[in-house]
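A short write-up of the structure that comes next.
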Amino acid sequence: MPFACIHVPNFILQAALRIEPQLRIQPAGILDGNPPFVTVIAKNKKAGSLGLQIGMTKSQAEQIQGLQLRRRSIEHETAAHAALVDLALSFSPRIEETAADTIILDLAGLAQLFGGFEKLAQRLGRRAKKFGLSAQVAVGSNPEAAQLAARGFASVTVLAPDEEMERLGSLPITALNLSLEIRETLERWGVRTCQALAALPVAQLSERLGQEGVRLQELARGASERTLIPTIAAMEFEEAMELDTAVSELEPLSFLLGRLLDQLCRRLSARALATNEIRLRMELERGEDEIFGIVEKRTNSGMYGMKRDTPSSASAKSTASIYEHALRLPLAMRDSKALLRLWRLHLEAHPPASPIVKITMTAEPAKVRFAQSGLFVPLSPDPEKLEITMARTGHFVGAANIGSPELLDTHRPLSFRVGRFNPLEASLPANDFGGSSVSSGVSVRISSGASSEDPVALLPATALRVFRPAMPARVEARANSREDTGDKTRDNSRDTSHATTSKVHAPARVYFGGVWGDVMTASGPWRTAGDWWTEDPWNQDEWDLEIEFPVPAFSHMAKGTQKTESARARGVYRIVRERATGDWFVRGVYD
């Protein structure tokens with residue numbers, strides 16, 4: 001059964017280069033340790049040519065001209081290892097996390113899919129470069145042989161079953177990850193290659209080095225067999241970046257965010273996933289108020305809203321300012337450029353309060369959106385472009401003024417709020433009869449099992465075209481002969497069912513919008529009132545009026561108004577009287 005191994009040499013340095021690709025063309029070294037014992041633990045070839053050595057102190061390394069030094073970052077190494085796991089899972093479902101810099105893949109059944117093991121190994125190497133890692137890939141008949149070849153041979157190596165022992169024998173014994181004690185012992189014996197180690201007598205080797213020596217000899221021969229330990233990969237996608245110099249301008253910050261988004265989107269793509277939520281967490285530079293222990297934690301929550309929370313003074317002395325925001329998307333996507341535009345628009349509207357020293361970005365995985373358009377269906381804009389357009393519009397008009405209207409569970413007339421627009425949920429809501437609510441001019445079927453010939457099964461849909469804001473009106477009223485007995489009163493807050501003795505004055509003529517009309521038919525009033533305990537109560541009477549206009553010049557009227565034979569026009573309107581002030585308004589017209 002064939003296996004492949006992906007090994008990233010000089011992993012600590014490559015984890016840093018993955019975050020800062022510009023360091024690949026410069027002499028660079030990695031420092032680790034606590035002062036005053038800070039030493040060099042990794043370097044590239046250019047730094048070695050300048051004289052940098054592993055184990056040098058920080059002060060010694062700083063004396064080398066043109067050398068770029070970086071502190072070791074566990075977060076960078078964790079993200080690089082996670083990217084390596086995502087890379088392996090994009091080729092095989094069975095992998096093993098052998099070490100932070102090494103992943104082993106089970107290639108059973110993949111040869112025909114990729115056109116042979118040679119092409120598969122080459123694709124693994126090319127894909128690793130897209131993830132920002134320079135990897136060595138090897139294919140062998142068992143996991144240990146593939147791992148030894150990946151650690152010892154550069155680039156891509158495919159071991160034939162009958163050539164494994166011979167090719168592995170040319171590798172130095174350092175490829176076996178020996179302990180310091182065993183390495184010194186073998187060097188005293190003059191054993192410097194795997195071939196020399198494989199030629200030693202097994203019995204004498206066991207007497208001197210024990211079972212560890214026998215295991216190392218089997219590895220050198222490529223004869224070690226073991227079962228692969230499958231990895232259950234966590235669905236976590238996080239990238240972090242620590243900055244040596246604080247960033248305070250949008251352009252360099254956008255460049256850094258774009259790099260993190262590219263890495264996240266590549267990892268998501270390798271797992272055939274997308275994201276519908278990305279969380280950004282930035283640590284800000286400490287200001288003068290923070291030096292004296294007055295720290296403000298800034299947390300940005302929701303789509304564009306911001307809230308502030310000040311921790312206690314006891315814990316504030318050791319806490320840096322934090323800027324947090326979650327970008328929630330209506331549709332899952334993995335377009336890094338579109339995501340970067342959304343972040344730029346947000347940061348332009350809500351910039352951090354101080355320069356940034358650390359960035360952490362986390363993506364919540366989601367299934368990829370699949371859409372197939374028909375041959376005779378017009379193309380619609382991409383949801384990604386729609387999201388960017390909405391973000392730009394919200395930047396100018398305010399996030400609270402753009403979205404999708406949602407009805408509120410209240411008796412207040414025409415009460416609604418603007419919620420987050422979600423194309424997946426933008427479908428017609430079901431009505432009380434099991435059908436769907438549609439616009440005017442369309443009949444609504446109230447029973448799915450009713451016949452189309454049944455006159456009761458189809459009802460005309462009537463819609464009220466609302467004027468926003470309501471049009472001020474002047475009303476001439478006449479006293480109605482009936483009494484307002486309260487049977488038409490609707491009140492969600494107080495009991496107004498008791499009868500009143502006041503006469504109802506029905507509207508007789510209405511003036512609004514520069515025209516006037518006579519009321520032919522009046523229905524009402526319907527009284528609604530509520531929220532009297534708040535600062536925004538309502539108390540009004542509503543009428544439905546059929547109005548006849550003497551002139552046809554009313555281009556601002558609604559579609560429901562129709563001309564009569566005598567060159568007059570009629571329409572059915574909803575008018576409202578505010579009982580507190582006595583003012584009249586035209587709320588809308590019926591289509």
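Within each chain, counting starts at residue 1; across the structure tokens, chains are named A, B, ... in the order shown, with ligands numbered 1 upward in that order.
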
Selection near Arg123 (chain A), 12 Å with only C-alpha atoms, sequence-local residues under 3 positions removed, as a VMD selection string: chain A and resid 4 6 87 to 88 90 to 91 114 to 120 126 to 130 135 to 138 155 to 156

What would the file look like if the residues just selected were written as a CSV table (one decimal), in the first residue's frame with N, CA and C atoms?
```
chain,number,residue,atom,x,y,z
A,4,ALA,N,2.4,8.6,1.1
A,4,ALA,CA,3.2,9.9,0.7
A,4,ALA,C,3.5,10.6,2.0
A,6,ILE,N,4.7,14.6,3.4
A,6,ILE,CA,5.0,16.0,3.1
A,6,ILE,C,5.8,16.5,4.3
A,87,LEU,N,-3.8,21.1,3.4
A,87,LEU,CA,-3.2,20.6,2.1
A,87,LEU,C,-3.3,19.1,1.9
A,88,ALA,N,-3.0,18.4,3.0
A,88,ALA,CA,-3.0,16.9,2.9
A,88,ALA,C,-4.5,16.4,2.7
A,90,SER,N,-6.8,17.8,1.2
A,90,SER,CA,-7.3,18.1,-0.1
A,90,SER,C,-7.0,17.0,-1.1
A,91,PHE,N,-6.1,16.1,-0.7
A,91,PHE,CA,-5.7,15.0,-1.6
A,91,PHE,C,-6.2,13.6,-1.1
A,114,PHE,N,-5.1,10.7,-10.0
A,114,PHE,CA,-4.2,11.8,-10.3
A,114,PHE,C,-3.2,11.4,-11.5
A,115,GLY,N,-3.4,10.3,-12.1
A,115,GLY,CA,-2.5,9.9,-13.2
A,115,GLY,C,-1.2,9.4,-12.8
A,116,GLY,N,-1.1,8.7,-11.6
A,116,GLY,CA,0.2,8.1,-11.2
A,116,GLY,C,0.7,8.8,-10.0
A,117,PHE,N,1.6,8.1,-9.2
A,117,PHE,CA,2.2,8.7,-8.0
A,117,PHE,C,3.1,9.8,-8.3
A,118,GLU,N,3.8,9.8,-9.4
A,118,GLU,CA,4.8,10.9,-9.7
A,118,GLU,C,4.0,12.2,-9.9
A,119,LYS,N,2.9,12.2,-10.6
A,119,LYS,CA,2.2,13.4,-10.8
A,119,LYS,C,1.5,13.8,-9.5
A,120,LEU,N,1.0,12.9,-8.7
A,120,LEU,CA,0.4,13.2,-7.5
A,120,LEU,C,1.4,13.9,-6.5
A,126,ARG,N,3.5,21.5,-5.6
A,126,ARG,CA,3.0,22.8,-6.2
A,126,ARG,C,2.0,23.4,-5.3
A,127,ARG,N,1.1,22.6,-4.8
A,127,ARG,CA,0.0,23.1,-3.9
A,127,ARG,C,0.6,23.6,-2.6
A,128,ALA,N,1.7,23.0,-2.1
A,128,ALA,CA,2.3,23.5,-0.9
A,128,ALA,C,2.9,24.9,-1.1
A,129,LYS,N,3.4,25.2,-2.3
A,129,LYS,CA,3.9,26.6,-2.5
A,129,LYS,C,2.8,27.6,-2.5
A,130,LYS,N,1.6,27.2,-3.0
A,130,LYS,CA,0.5,28.1,-2.9
A,130,LYS,C,0.1,28.5,-1.5
A,135,ALA,N,7.9,22.6,0.5
A,135,ALA,CA,7.8,21.2,1.1
A,135,ALA,C,8.6,20.2,0.2
A,136,GLN,N,9.1,19.2,0.9
A,136,GLN,CA,9.7,18.0,0.3
A,136,GLN,C,8.7,16.9,0.3
A,137,VAL,N,8.4,16.2,-0.8
A,137,VAL,CA,7.4,15.2,-0.9
A,137,VAL,C,8.1,13.9,-1.4
A,138,ALA,N,7.7,12.8,-0.7
A,138,ALA,CA,8.2,11.5,-1.1
A,138,ALA,C,7.1,10.5,-1.0
A,155,SER,N,13.0,18.3,-2.9
A,155,SER,CA,12.0,18.3,-4.0
A,155,SER,C,11.1,17.0,-3.9
A,156,VAL,N,10.8,16.4,-5.0
A,156,VAL,CA,9.9,15.3,-5.1
A,156,VAL,C,10.6,14.0,-5.3
```

Quick check for you: according to DSSP on this backbone, which residues of region 6-138 of chain A are classed as strand (DSSP E or B)? Reply as a ChimeraX atom specification. /A:6-7,28-32,39-43,57,68-71,95-99,102-106,136-138

Set the distance at 9 Å and use only C-alpha atoms: which residues neighbour Glu277 (chain A) once local chain neighbours fewer than 5 positions away are removed? I'd like the list as a ChimeraX atom specification. /A:326-330,332,362-366

Would you mind listing what lies within 9 Å of Ser523 (chain A) as JSON, numbers by chain, with only C-alpha atoms counted and same-chain residues fewer than 4 positions away left out? {"A": [506, 542, 543, 544, 545, 546]}
